[in-house]
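**Q** Please find structure-v1.pdb (PDB, C-alpha atoms) on the next line:
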```pdb
ATOM      1  CA  MET A1491     -34.512  26.755 -26.612  1.00  0.00           C
ATOM      2  CA  THR A1492     -32.891  26.887 -23.139  1.00  0.00           C
ATOM      3  CA  ASN A1493     -30.374  24.252 -22.131  1.00  0.00           C
ATOM      4  CA  PRO A1494     -29.860  22.886 -18.580  1.00  0.00           C
ATOM      5  CA  SER A1495     -27.129  25.438 -17.865  1.00  0.00           C
ATOM      6  CA  GLY A1496     -29.631  28.239 -18.339  1.00  0.00           C
ATOM      7  CA  ARG A1497     -28.057  29.476 -21.561  1.00  0.00           C
ATOM      8  CA  ASP A1498     -30.002  29.877 -24.775  1.00  0.00           C
ATOM      9  CA  ALA A1499     -28.049  27.268 -26.719  1.00  0.00           C
ATOM     10  CA  ILE A1500     -25.476  24.538 -26.229  1.00  0.00           C
ATOM     11  CA  GLN A1501     -22.136  26.330 -26.059  1.00  0.00           C
ATOM     12  CA  VAL A1502     -19.573  24.430 -28.161  1.00  0.00           C
ATOM     13  CA  LEU A1503     -15.800  24.621 -28.433  1.00  0.00           C
ATOM     14  CA  LEU A1504     -14.399  23.269 -31.688  1.00  0.00           C
ATOM     15  CA  ALA A1505     -10.771  22.149 -31.349  1.00  0.00           C
ATOM     16  CA  ASP A1506      -9.273  20.693 -34.511  1.00  0.00           C
ATOM     17  CA  GLU A1507      -5.927  21.103 -36.223  1.00  0.00           C
ATOM     18  CA  GLN A1508      -7.495  21.602 -39.670  1.00  0.00           C
ATOM     19  CA  GLY A1509      -8.912  25.053 -40.390  1.00  0.00           C
ATOM     20  CA  LEU A1510     -11.071  23.897 -43.286  1.00  0.00           C
ATOM     21  CA  PHE A1511     -12.623  21.166 -41.149  1.00  0.00           C
ATOM     22  CA  ARG A1512     -13.403  23.663 -38.390  1.00  0.00           C
ATOM     23  CA  GLU A1513     -14.999  26.031 -40.884  1.00  0.00           C
ATOM     24  CA  ALA A1514     -17.180  23.300 -42.382  1.00  0.00           C
ATOM     25  CA  VAL A1515     -18.329  22.068 -38.995  1.00  0.00           C
ATOM     26  CA  ARG A1516     -18.949  25.589 -37.720  1.00  0.00           C
ATOM     27  CA  ILE A1517     -21.221  26.358 -40.674  1.00  0.00           C
ATOM     28  CA  VAL A1518     -23.304  23.275 -39.980  1.00  0.00           C
ATOM     29  CA  LEU A1519     -23.466  23.792 -36.224  1.00  0.00           C
ATOM     30  CA  THR A1520     -24.356  27.470 -36.326  1.00  0.00           C
ATOM     31  CA  ALA A1521     -27.322  26.564 -38.508  1.00  0.00           C
ATOM     32  CA  GLN A1522     -28.752  24.595 -35.578  1.00  0.00           C
ATOM     33  CA  PRO A1523     -31.140  26.620 -33.395  1.00  0.00           C
ATOM     34  CA  ASP A1524     -29.899  25.009 -30.182  1.00  0.00           C
ATOM     35  CA  VAL A1525     -26.140  25.034 -30.851  1.00  0.00           C
ATOM     36  CA  ASP A1526     -23.684  27.922 -30.640  1.00  0.00           C
ATOM     37  CA  VAL A1527     -19.972  27.618 -31.529  1.00  0.00           C
ATOM     38  CA  VAL A1528     -18.428  30.014 -29.009  1.00  0.00           C
ATOM     39  CA  ALA A1529     -14.757  29.334 -29.777  1.00  0.00           C
ATOM     40  CA  GLU A1530     -12.362  27.519 -32.092  1.00  0.00           C
ATOM     41  CA  ALA A1531      -8.855  26.252 -31.477  1.00  0.00           C
ATOM     42  CA  GLY A1532      -6.143  24.741 -33.641  1.00  0.00           C
ATOM     43  CA  ASP A1533      -3.877  23.608 -30.801  1.00  0.00           C
ATOM     44  CA  GLU A1534      -4.023  22.487 -27.189  1.00  0.00           C
ATOM     45  CA  GLU A1535      -2.954  25.784 -25.622  1.00  0.00           C
ATOM     46  CA  THR A1536      -5.626  27.767 -27.464  1.00  0.00           C
ATOM     47  CA  ALA A1537      -8.247  25.141 -26.613  1.00  0.00           C
ATOM     48  CA  LEU A1538      -7.518  25.301 -22.891  1.00  0.00           C
ATOM     49  CA  GLN A1539      -7.551  29.086 -22.950  1.00  0.00           C
ATOM     50  CA  ALA A1540     -10.940  28.994 -24.679  1.00  0.00           C
ATOM     51  CA  VAL A1541     -12.290  26.583 -22.073  1.00  0.00           C
ATOM     52  CA  ALA A1542     -11.281  28.971 -19.293  1.00  0.00           C
ATOM     53  CA  GLU A1543     -12.698  32.005 -21.085  1.00  0.00           C
ATOM     54  CA  PHE A1544     -15.947  30.692 -22.563  1.00  0.00           C
ATOM     55  CA  VAL A1545     -16.804  27.763 -20.240  1.00  0.00           C
ATOM     56  CA  PRO A1546     -18.376  25.670 -23.030  1.00  0.00           C
ATOM     57  CA  ASP A1547     -20.955  22.953 -22.457  1.00  0.00           C
ATOM     58  CA  VAL A1548     -19.424  20.629 -25.056  1.00  0.00           C
ATOM     59  CA  ALA A1549     -15.901  20.444 -26.485  1.00  0.00           C
ATOM     60  CA  LEU A1550     -15.274  18.729 -29.810  1.00  0.00           C
ATOM     61  CA  VAL A1551     -11.625  17.680 -29.676  1.00  0.00           C
ATOM     62  CA  SER A1552      -9.641  16.137 -32.503  1.00  0.00           C
ATOM     63  CA  MET A1553      -7.530  13.136 -31.567  1.00  0.00           C
ATOM     64  CA  ALA A1554      -4.741  14.542 -33.785  1.00  0.00           C
ATOM     65  CA  LEU A1555      -4.708  17.974 -32.145  1.00  0.00           C
ATOM     66  CA  GLY A1556      -1.089  19.079 -31.894  1.00  0.00           C
ATOM     67  CA  GLY A1557       0.229  15.773 -33.214  1.00  0.00           C
ATOM     68  CA  TYR A1558      -1.518  13.332 -30.896  1.00  0.00           C
ATOM     69  CA  ASN A1559      -2.257  15.696 -28.016  1.00  0.00           C
ATOM     70  CA  GLY A1560      -6.015  15.448 -28.345  1.00  0.00           C
ATOM     71  CA  LEU A1561      -6.070  12.943 -25.495  1.00  0.00           C
ATOM     72  CA  ALA A1562      -4.065  15.238 -23.238  1.00  0.00           C
ATOM     73  CA  THR A1563      -6.365  18.124 -24.158  1.00  0.00           C
ATOM     74  CA  ALA A1564      -9.448  16.050 -23.387  1.00  0.00           C
ATOM     75  CA  ARG A1565      -8.020  15.057 -20.017  1.00  0.00           C
ATOM     76  CA  SER A1566      -7.144  18.651 -19.140  1.00  0.00           C
ATOM     77  CA  ILE A1567     -10.621  19.876 -20.081  1.00  0.00           C
ATOM     78  CA  SER A1568     -12.313  17.128 -18.080  1.00  0.00           C
ATOM     79  CA  GLU A1569     -10.194  17.905 -15.022  1.00  0.00           C
ATOM     80  CA  SER A1570     -10.459  21.699 -15.190  1.00  0.00           C
ATOM     81  CA  LEU A1571     -14.121  21.862 -16.228  1.00  0.00           C
ATOM     82  CA  PRO A1572     -15.948  18.636 -15.259  1.00  0.00           C
ATOM     83  CA  ASP A1573     -19.303  19.946 -16.509  1.00  0.00           C
ATOM     84  CA  CYS A1574     -17.944  20.296 -20.040  1.00  0.00           C
ATOM     85  CA  ARG A1575     -18.657  17.142 -22.031  1.00  0.00           C
ATOM     86  CA  VAL A1576     -15.866  16.133 -24.413  1.00  0.00           C
ATOM     87  CA  VAL A1577     -16.518  14.446 -27.753  1.00  0.00           C
ATOM     88  CA  MET A1578     -13.350  12.980 -29.240  1.00  0.00           C
ATOM     89  CA  LEU A1579     -13.071  13.155 -33.031  1.00  0.00           C
ATOM     90  CA  ALA A1580     -10.882  10.374 -34.445  1.00  0.00           C
ATOM     91  CA  PRO A1581      -9.713   9.776 -38.035  1.00  0.00           C
ATOM     92  CA  ARG A1582     -11.422   6.390 -37.948  1.00  0.00           C
ATOM     93  CA  ALA A1583     -13.212   4.180 -35.462  1.00  0.00           C
ATOM     94  CA  ASP A1584     -11.102   1.589 -33.682  1.00  0.00           C
ATOM     95  CA  THR A1585     -11.190   0.047 -30.226  1.00  0.00           C
ATOM     96  CA  ALA A1586      -7.768   1.219 -29.055  1.00  0.00           C
ATOM     97  CA  THR A1587      -8.432   4.936 -29.624  1.00  0.00           C
ATOM     98  CA  LEU A1588     -11.982   4.507 -28.304  1.00  0.00           C
ATOM     99  CA  VAL A1589     -10.621   3.215 -25.008  1.00  0.00           C
ATOM    100  CA  ASP A1590      -7.928   5.920 -24.918  1.00  0.00           C
ATOM    101  CA  ALA A1591     -10.601   8.583 -25.397  1.00  0.00           C
ATOM    102  CA  PHE A1592     -12.822   7.416 -22.546  1.00  0.00           C
ATOM    103  CA  GLU A1593      -9.844   6.966 -20.240  1.00  0.00           C
ATOM    104  CA  ALA A1594      -8.967  10.590 -20.999  1.00  0.00           C
ATOM    105  CA  GLY A1595     -12.393  11.674 -19.772  1.00  0.00           C
ATOM    106  CA  ALA A1596     -14.330  11.887 -23.029  1.00  0.00           C
ATOM    107  CA  SER A1597     -18.095  11.373 -22.963  1.00  0.00           C
ATOM    108  CA  GLY A1598     -18.349  10.662 -26.665  1.00  0.00           C
ATOM    109  CA  TYR A1599     -16.324   9.302 -29.532  1.00  0.00           C
ATOM    110  CA  LEU A1600     -16.979   9.839 -33.213  1.00  0.00           C
ATOM    111  CA  SER A1601     -15.109   9.060 -36.409  1.00  0.00           C
ATOM    112  CA  LYS A1602     -14.534  11.934 -38.820  1.00  0.00           C
ATOM    113  CA  GLN A1603     -15.853   9.568 -41.459  1.00  0.00           C
ATOM    114  CA  SER A1604     -19.300   9.770 -39.863  1.00  0.00           C
ATOM    115  CA  PRO A1605     -22.077  11.907 -41.399  1.00  0.00           C
ATOM    116  CA  ILE A1606     -22.204  15.452 -40.034  1.00  0.00           C
ATOM    117  CA  SER A1607     -25.723  14.786 -38.761  1.00  0.00           C
ATOM    118  CA  GLU A1608     -24.236  12.291 -36.302  1.00  0.00           C
ATOM    119  CA  LEU A1609     -21.961  14.996 -34.937  1.00  0.00           C
ATOM    120  CA  VAL A1610     -24.943  17.257 -34.253  1.00  0.00           C
ATOM    121  CA  ASP A1611     -26.756  14.381 -32.546  1.00  0.00           C
ATOM    122  CA  ALA A1612     -23.617  13.615 -30.531  1.00  0.00           C
ATOM    123  CA  ILE A1613     -23.460  17.162 -29.169  1.00  0.00           C
ATOM    124  CA  ARG A1614     -27.057  16.997 -28.018  1.00  0.00           C
ATOM    125  CA  ALA A1615     -26.676  13.509 -26.583  1.00  0.00           C
ATOM    126  CA  VAL A1616     -23.591  14.170 -24.438  1.00  0.00           C
ATOM    127  CA  HIS A1617     -24.956  17.534 -23.323  1.00  0.00           C
ATOM    128  CA  LEU A1618     -27.876  15.693 -21.764  1.00  0.00           C
ATOM    129  CA  GLN A1619     -25.312  13.787 -19.687  1.00  0.00           C
ATOM    130  CA  GLY A1620     -25.314  10.849 -22.068  1.00  0.00           C
ATOM    131  CA  ILE A1621     -22.472   8.674 -23.267  1.00  0.00           C
ATOM    132  CA  LEU A1622     -21.925   8.275 -26.987  1.00  0.00           C
ATOM    133  CA  VAL A1623     -20.258   5.039 -28.113  1.00  0.00           C
ATOM    134  CA  PRO A1624     -20.166   3.802 -31.727  1.00  0.00           C
ATOM    135  CA  PRO A1625     -22.787   1.082 -32.338  1.00  0.00           C
ATOM    136  CA  GLY A1626     -21.545  -2.342 -31.304  1.00  0.00           C
ATOM    137  CA  SER A1627     -18.459  -0.983 -29.542  1.00  0.00           C
ATOM    138  CA  LEU A1628     -19.717  -0.945 -25.954  1.00  0.00           C
ATOM    139  CA  PRO A1629     -18.785  -4.562 -25.066  1.00  0.00           C
ATOM    140  CA  ALA A1630     -15.235  -4.097 -26.375  1.00  0.00           C
ATOM    141  CA  LEU A1631     -14.938  -0.769 -24.554  1.00  0.00           C
ATOM    142  CA  ILE A1632     -15.978  -2.270 -21.228  1.00  0.00           C
ATOM    143  CA  ARG A1633     -13.661  -5.271 -21.620  1.00  0.00           C
ATOM    144  CA  SER A1634     -10.718  -3.057 -22.513  1.00  0.00           C
ATOM    145  CA  LEU A1635     -11.309  -0.586 -19.675  1.00  0.00           C
ATOM    146  CA  VAL A1636     -11.587  -3.412 -17.156  1.00  0.00           C
ATOM    147  CA  GLY A1637      -8.476  -5.063 -18.582  1.00  0.00           C
ATOM    148  CA  ARG A1638      -6.432  -1.880 -18.445  1.00  0.00           C
ATOM    149  CA  ARG A1639      -7.501  -1.217 -14.875  1.00  0.00           C
ATOM    150  CA  ARG A1640      -6.531  -4.744 -13.895  1.00  0.00           C
ATOM    151  CA  ASP A1641      -3.135  -4.322 -15.572  1.00  0.00           C
ATOM    152  CA  ARG A1642      -2.558  -1.031 -13.759  1.00  0.00           C
ATOM    153  CA  ASP A1643      -3.525  -2.584 -10.431  1.00  0.00           C
ATOM    154  CA  GLU A1644      -1.101  -5.450 -11.001  1.00  0.00           C
ATOM    155  CA  THR A1645       1.694  -3.054 -11.962  1.00  0.00           C
ATOM    156  CA  ALA A1646       0.948  -0.850  -8.949  1.00  0.00           C
ATOM    157  CA  ALA A1647       1.238  -3.934  -6.745  1.00  0.00           C
ATOM    158  CA  ARG A1648       4.642  -4.761  -8.260  1.00  0.00           C
ATOM    159  CA  TYR A1649       5.701  -1.126  -7.895  1.00  0.00           C
ATOM    160  CA  GLY A1650       4.696  -1.261  -4.235  1.00  0.00           C
ATOM    161  CA  LYS A1651       7.391  -3.882  -3.662  1.00  0.00           C
ATOM    162  CA  LEU A1652      10.152  -1.447  -4.657  1.00  0.00           C
ATOM    163  CA  THR A1653      12.206   0.190  -1.944  1.00  0.00           C
ATOM    164  CA  ALA A1654      12.375   3.983  -1.682  1.00  0.00           C
ATOM    165  CA  ARG A1655      15.819   3.939  -3.298  1.00  0.00           C
ATOM    166  CA  GLU A1656      14.644   1.676  -6.126  1.00  0.00           C
ATOM    167  CA  ARG A1657      11.801   4.101  -6.837  1.00  0.00           C
ATOM    168  CA  GLU A1658      14.317   6.938  -7.112  1.00  0.00           C
ATOM    169  CA  VAL A1659      16.393   4.871  -9.503  1.00  0.00           C
ATOM    170  CA  LEU A1660      13.312   3.958 -11.556  1.00  0.00           C
ATOM    171  CA  SER A1661      12.351   7.630 -11.825  1.00  0.00           C
ATOM    172  CA  LEU A1662      15.749   8.395 -13.320  1.00  0.00           C
ATOM    173  CA  LEU A1663      15.766   5.263 -15.459  1.00  0.00           C
ATOM    174  CA  ILE A1664      12.517   6.378 -17.117  1.00  0.00           C
ATOM    175  CA  THR A1665      14.210   9.609 -18.248  1.00  0.00           C
ATOM    176  CA  GLY A1666      16.851   7.536 -20.058  1.00  0.00           C
ATOM    177  CA  ALA A1667      19.587   7.749 -17.445  1.00  0.00           C
ATOM    178  CA  ASP A1668      22.391   5.175 -17.553  1.00  0.00           C
ATOM    179  CA  ASN A1669      24.162   3.723 -14.508  1.00  0.00           C
ATOM    180  CA  ASP A1670      26.743   6.507 -14.404  1.00  0.00           C
ATOM    181  CA  SER A1671      24.081   9.239 -14.535  1.00  0.00           C
ATOM    182  CA  ILE A1672      21.970   7.526 -11.890  1.00  0.00           C
ATOM    183  CA  GLY A1673      25.032   7.156  -9.678  1.00  0.00           C
ATOM    184  CA  GLN A1674      25.944  10.826 -10.021  1.00  0.00           C
ATOM    185  CA  ALA A1675      22.392  11.971  -9.296  1.00  0.00           C
ATOM    186  CA  LEU A1676      21.970   9.796  -6.209  1.00  0.00           C
ATOM    187  CA  LEU A1677      25.599   9.801  -4.985  1.00  0.00           C
ATOM    188  CA  ILE A1678      26.009   6.070  -5.392  1.00  0.00           C
ATOM    189  CA  SER A1679      28.428   4.039  -7.460  1.00  0.00           C
ATOM    190  CA  PRO A1680      27.532   2.873 -10.994  1.00  0.00           C
ATOM    191  CA  GLN A1681      27.804  -0.697  -9.731  1.00  0.00           C
ATOM    192  CA  THR A1682      25.280  -0.014  -6.985  1.00  0.00           C
ATOM    193  CA  ALA A1683      23.021   1.680  -9.514  1.00  0.00           C
ATOM    194  CA  ARG A1684      23.259  -1.400 -11.727  1.00  0.00           C
ATOM    195  CA  THR A1685      22.273  -3.635  -8.810  1.00  0.00           C
ATOM    196  CA  HIS A1686      19.227  -1.450  -8.110  1.00  0.00           C
ATOM    197  CA  VAL A1687      18.223  -1.599 -11.782  1.00  0.00           C
ATOM    198  CA  GLN A1688      18.461  -5.391 -11.807  1.00  0.00           C
ATOM    199  CA  ASN A1689      16.307  -5.590  -8.677  1.00  0.00           C
ATOM    200  CA  ILE A1690      13.757  -3.258 -10.286  1.00  0.00           C
ATOM    201  CA  LEU A1691      13.532  -5.385 -13.416  1.00  0.00           C
ATOM    202  CA  THR A1692      13.033  -8.498 -11.314  1.00  0.00           C
ATOM    203  CA  LYS A1693      10.304  -6.960  -9.147  1.00  0.00           C
ATOM    204  CA  LEU A1694       8.474  -5.447 -12.133  1.00  0.00           C
ATOM    205  CA  ARG A1695       8.821  -8.743 -14.040  1.00  0.00           C
ATOM    206  CA  VAL A1696      10.340  -7.153 -17.135  1.00  0.00           C
ATOM    207  CA  HIS A1697      13.518  -7.969 -19.038  1.00  0.00           C
ATOM    208  CA  SER A1698      15.047  -4.618 -19.961  1.00  0.00           C
ATOM    209  CA  ARG A1699      15.274  -0.971 -18.968  1.00  0.00           C
ATOM    210  CA  LEU A1700      13.246   0.014 -22.019  1.00  0.00           C
ATOM    211  CA  GLU A1701      10.525  -2.450 -21.121  1.00  0.00           C
ATOM    212  CA  ALA A1702      10.404  -1.127 -17.562  1.00  0.00           C
ATOM    213  CA  ALA A1703      10.115   2.467 -18.772  1.00  0.00           C
ATOM    214  CA  ALA A1704       7.471   1.555 -21.351  1.00  0.00           C
ATOM    215  CA  LEU A1705       5.460  -0.393 -18.777  1.00  0.00           C
ATOM    216  CA  VAL A1706       5.319   2.452 -16.297  1.00  0.00           C
ATOM    217  CA  ARG A1707       4.494   5.023 -18.983  1.00  0.00           C
ATOM    218  CA  GLN A1708       1.853   2.835 -20.612  1.00  0.00           C
ATOM    219  CA  LEU A1709       0.115   2.127 -17.341  1.00  0.00           C
ATOM    220  CA  MET A1710       0.090   5.814 -16.389  1.00  0.00           C
ATOM    221  CA  TRP A1711       2.756   6.890 -13.997  1.00  0.00           C
ATOM    222  CA  ARG A1712       0.358   9.541 -12.704  1.00  0.00           C
ATOM    223  CA  ASP A1713      -1.523   6.772 -10.871  1.00  0.00           C
ATOM    224  CA  LEU A1714       1.572   5.979  -8.813  1.00  0.00           C
ATOM    225  CA  ALA A1715       2.597   7.802  -5.697  1.00  0.00           C
ATOM    226  CA  ASP A1716       5.989   9.237  -6.613  1.00  0.00           C
ATOM    227  CA  PRO A1717       6.771  11.922  -9.192  1.00  0.00           C
ATOM    228  CA  ILE A1718       9.336  11.372 -11.923  1.00  0.00           C
ATOM    229  CA  VAL A1719      12.704  12.818 -10.953  1.00  0.00           C
ATOM    230  CA  ARG A1720      14.689  14.482 -13.707  1.00  0.00           C
ATOM    231  CA  ILE A1721      18.462  14.037 -13.618  1.00  0.00           C
ATOM    232  CA  ASP A1722      19.039  17.789 -13.662  1.00  0.00           C
ATOM    233  CA  GLU A1723      16.577  18.256 -10.794  1.00  0.00           C
ATOM    234  CA  ALA A1724      17.948  15.519  -8.531  1.00  0.00           C
ATOM    235  CA  GLN A1725      19.459  17.073  -5.421  1.00  0.00           C
ATOM    236  CA  PRO A1726      22.638  15.636  -3.873  1.00  0.00           C
ATOM    237  CA  GLN A1727      21.764  13.752  -0.720  1.00  0.00           C
ATOM    238  CA  MET A1728      23.381  11.612   1.937  1.00  0.00           C
ATOM    239  CA  SER A1729      23.230   7.940   1.132  1.00  0.00           C
ATOM    240  CA  ASN A1730      23.872   4.698   2.951  1.00  0.00           C
ATOM    241  CA  ASP A1731      24.985   3.142  -0.361  1.00  0.00           C
ATOM    242  CA  VAL A1732      28.704   2.635  -0.830  1.00  0.00           C
ATOM    243  CA  VAL A1733      30.321   5.088  -3.224  1.00  0.00           C
ATOM    244  CA  ALA A1734      33.046   3.535  -5.319  1.00  0.00           C
TER     245      ALA A1734
END
```
Can the structure in the file be given as structure tokens, please?
**A**
Amino acid sequence: MTNPSGRDAIQVLLADEQGLFREAVRIVLTAQPDVDVVAEAGDEETALQAVAEFVPDVALVSMALGGYNGLATARSISESLPDCRVVMLAPRADTATLVDAFEAGASGYLSKQSPISELVDAIRAVHLQGILVPPGSLPALIRSLVGRRRDRDETAARYGKLTAREREVLSLLITGADNDSIGQALLISPQTARTHVQNILTKLRVHSRLEAAALVRQLMWRDLADPIVRIDEAQPQMSNDVVA
């Protein structure tokens, strides 16, 4: 059987942290006439190397890969090889991880509690440019994706009200910097840093530094315009702020 890519079988990457699970799945998949497991990986680095080397059609990625790096791996695969369809394998089916998976670029989502026959069907389905969602989960997925996008848009609007200096302070605040560290990095006084932090909290409509950091991280800092500045990377610069 020839697949749309012109290859004899669907080329599959199996990325899971458990060797026994990979072995069991590989045995089942290699018994399929139209499926070929071209590579296995037990961590994110190996998975991304395999994607570059073998250019698979479908990647089966465990949510728990490298701790909880399966989402990051899925996103990296989707960005580096858009034609590779990612099926996220989760310990159990739940809406939160389902939404996380599709936001990371996955085309399919399957619980490890599902029968192995469903995994084979999932590979074929997503390879034909389909989307695989657990039965009954599509309405919740759509609502959650729309809700998250709305939340990010609202946060981006609040972020847009920050001044350039406040954005610099926020970047450092997210790394855990206190007023003294922020002041040293930006050549301003701790009191001035504190004033900037208070203005940031007000504009973002949060009540604490931790809440501000969590909000920006949760709603994906990568969607915002400015990179995070590390304290040890901040370069001394001239400032109009008063230094105490």
**Q** Enclose all atoms of region 1651-1659 of chain A listed in the file in an axis-aligned box, grow every side by 5 Å, and hand back centre and edge lengths in Å to one decimal, as lines of an AutoDock Vina configuration file.
**A**
```
center_x = 11.9
center_y = 1.5
center_z = -5.6
size_x = 19.0
size_y = 20.8
size_z = 17.8
```
**Q** So how far away is CA of Tyr1558 (chain A) from CA of Arg1512 (chain A), in Å?
**A**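 Between CA of Arg1512 (chain A) and CA of Tyr1558 (chain A) the gap works out to 17.4 Å.
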**Q** Can you measure CA of Thr1692 (chain A) to CA of Arg1657 (chain A) for me? One decimal in Å is fine.
**A** 13.4 Å
**Q** From the list A:Ile1567, A:Ala1647, A:Val1706, A:Ile1606, which residue is nearest Leu1663 (chain A) when using only C-alpha atoms?
**A** A:Val1706
**Q** Run the PyMOL selection byres ((chain A and resi 1570) around 12) on the file and write out the hits as a PDB file with C-alpha atoms, keeping the file's coordinate frame.
**A**
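Final output, out.pdb:
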```
ATOM      1  CA  LEU A1538      -7.518  25.301 -22.891  1.00  0.00           C
ATOM      2  CA  GLN A1539      -7.551  29.086 -22.950  1.00  0.00           C
ATOM      3  CA  ALA A1540     -10.940  28.994 -24.679  1.00  0.00           C
ATOM      4  CA  VAL A1541     -12.290  26.583 -22.073  1.00  0.00           C
ATOM      5  CA  ALA A1542     -11.281  28.971 -19.293  1.00  0.00           C
ATOM      6  CA  VAL A1545     -16.804  27.763 -20.240  1.00  0.00           C
ATOM      7  CA  PRO A1546     -18.376  25.670 -23.030  1.00  0.00           C
ATOM      8  CA  THR A1563      -6.365  18.124 -24.158  1.00  0.00           C
ATOM      9  CA  ALA A1564      -9.448  16.050 -23.387  1.00  0.00           C
ATOM     10  CA  ARG A1565      -8.020  15.057 -20.017  1.00  0.00           C
ATOM     11  CA  SER A1566      -7.144  18.651 -19.140  1.00  0.00           C
ATOM     12  CA  ILE A1567     -10.621  19.876 -20.081  1.00  0.00           C
ATOM     13  CA  SER A1568     -12.313  17.128 -18.080  1.00  0.00           C
ATOM     14  CA  GLU A1569     -10.194  17.905 -15.022  1.00  0.00           C
ATOM     15  CA  LEU A1571     -14.121  21.862 -16.228  1.00  0.00           C
ATOM     16  CA  PRO A1572     -15.948  18.636 -15.259  1.00  0.00           C
ATOM     17  CA  ASP A1573     -19.303  19.946 -16.509  1.00  0.00           C
ATOM     18  CA  CYS A1574     -17.944  20.296 -20.040  1.00  0.00           C
ATOM     19  CA  ARG A1575     -18.657  17.142 -22.031  1.00  0.00           C
ATOM     20  CA  GLY A1595     -12.393  11.674 -19.772  1.00  0.00           C
TER      21      GLY A1595
END
```
**Q** Decode the PyMOL selection byres ((chain A and resi 1508) around 10) for the given file into explicit residues and return them as a PyMOL selection string.
**A** chain A and resi 1505-1507+1509-1513+1531-1533+1552+1554-1555
**Q** Separation of CA of Thr1520 (chain A) and CA of Asp1584 (chain A), in Å?
**A** 29.2 Å
**Q** Please return, as a PDB file with C-alpha atoms, in the frame of the given file, all polymer residues that have at least one atom within 12 Å of the point (-28.1, 26.6, -34.9); use only C-alpha atoms and the file's own coordinate frame.
**A**
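Produced file result04.pdb, reproduced below:
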```
ATOM      1  CA  MET A1491     -34.512  26.755 -26.612  1.00  0.00           C
ATOM      2  CA  ASP A1498     -30.002  29.877 -24.775  1.00  0.00           C
ATOM      3  CA  ALA A1499     -28.049  27.268 -26.719  1.00  0.00           C
ATOM      4  CA  ILE A1500     -25.476  24.538 -26.229  1.00  0.00           C
ATOM      5  CA  GLN A1501     -22.136  26.330 -26.059  1.00  0.00           C
ATOM      6  CA  VAL A1502     -19.573  24.430 -28.161  1.00  0.00           C
ATOM      7  CA  VAL A1515     -18.329  22.068 -38.995  1.00  0.00           C
ATOM      8  CA  ARG A1516     -18.949  25.589 -37.720  1.00  0.00           C
ATOM      9  CA  ILE A1517     -21.221  26.358 -40.674  1.00  0.00           C
ATOM     10  CA  VAL A1518     -23.304  23.275 -39.980  1.00  0.00           C
ATOM     11  CA  LEU A1519     -23.466  23.792 -36.224  1.00  0.00           C
ATOM     12  CA  THR A1520     -24.356  27.470 -36.326  1.00  0.00           C
ATOM     13  CA  ALA A1521     -27.322  26.564 -38.508  1.00  0.00           C
ATOM     14  CA  GLN A1522     -28.752  24.595 -35.578  1.00  0.00           C
ATOM     15  CA  PRO A1523     -31.140  26.620 -33.395  1.00  0.00           C
ATOM     16  CA  ASP A1524     -29.899  25.009 -30.182  1.00  0.00           C
ATOM     17  CA  VAL A1525     -26.140  25.034 -30.851  1.00  0.00           C
ATOM     18  CA  ASP A1526     -23.684  27.922 -30.640  1.00  0.00           C
ATOM     19  CA  VAL A1527     -19.972  27.618 -31.529  1.00  0.00           C
ATOM     20  CA  VAL A1528     -18.428  30.014 -29.009  1.00  0.00           C
ATOM     21  CA  VAL A1610     -24.943  17.257 -34.253  1.00  0.00           C
ATOM     22  CA  ILE A1613     -23.460  17.162 -29.169  1.00  0.00           C
ATOM     23  CA  ARG A1614     -27.057  16.997 -28.018  1.00  0.00           C
TER      24      ARG A1614
END
```
**Q** Would you be able to write out as a list in words which residues have an atom within 12 Å of (24.2, -2.7, -9.1) in the file's coordinates, counting only C-alpha atoms?
**A**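 The distance filter leaves exactly Glu1656, Val1659, Asp1668, Asn1669, Asp1670, Ile1672, Gly1673, Ile1678, Ser1679, Pro1680, Gln1681, Thr1682, Ala1683, Arg1684, Thr1685, His1686, Val1687, Gln1688, Asn1689, Ile1690, Leu1691, Asp1731, Val1732, Val1733 and Ala1734 of chain A.
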**Q** Find the residue from A:His1697, A:Ala1702, A:Leu1503, A:Ala1654 that sits nearest to Gly1666 (chain A); use all atoms listed in the file when measuring.
**A**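 Under the stated criterion, the closest residue is A:Ala1702.
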**Q** Kindly indicate which residue among A:Leu1694, A:Ala1591, A:Met1553, A:Ala1583 lies nearest to Arg1648 (chain A), using only C-alpha atoms for the distances.
**A**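 Of all the options, A:Leu1694 lies closest to Arg1648 (chain A).
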**Q** Show which residues sit within 12 Å of Gln1603 (chain A), as a PDB file with C-alpha atoms, in the frame of the given file. Count all atoms listed in the file, and ignore same-chain residues fewer than 2 positions away.
**A**
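Contents of out17.pdb, freshly written:
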```pdb
ATOM      1  CA  LEU A1579     -13.071  13.155 -33.031  1.00  0.00           C
ATOM      2  CA  ALA A1580     -10.882  10.374 -34.445  1.00  0.00           C
ATOM      3  CA  PRO A1581      -9.713   9.776 -38.035  1.00  0.00           C
ATOM      4  CA  ARG A1582     -11.422   6.390 -37.948  1.00  0.00           C
ATOM      5  CA  ALA A1583     -13.212   4.180 -35.462  1.00  0.00           C
ATOM      6  CA  TYR A1599     -16.324   9.302 -29.532  1.00  0.00           C
ATOM      7  CA  LEU A1600     -16.979   9.839 -33.213  1.00  0.00           C
ATOM      8  CA  SER A1601     -15.109   9.060 -36.409  1.00  0.00           C
ATOM      9  CA  PRO A1605     -22.077  11.907 -41.399  1.00  0.00           C
ATOM     10  CA  ILE A1606     -22.204  15.452 -40.034  1.00  0.00           C
ATOM     11  CA  SER A1607     -25.723  14.786 -38.761  1.00  0.00           C
ATOM     12  CA  GLU A1608     -24.236  12.291 -36.302  1.00  0.00           C
ATOM     13  CA  LEU A1609     -21.961  14.996 -34.937  1.00  0.00           C
TER      14      LEU A1609
END
```
**Q** Tell me which protein, DNA and RNA residues are within 9 Å of Ser1597 (chain A), counting only C-alpha atoms, leaving out same-chain ones fewer than 3 positions away, and put them as number ranges by chain.
**A** A: 1575-1578, 1591-1592, 1616, 1619-1623
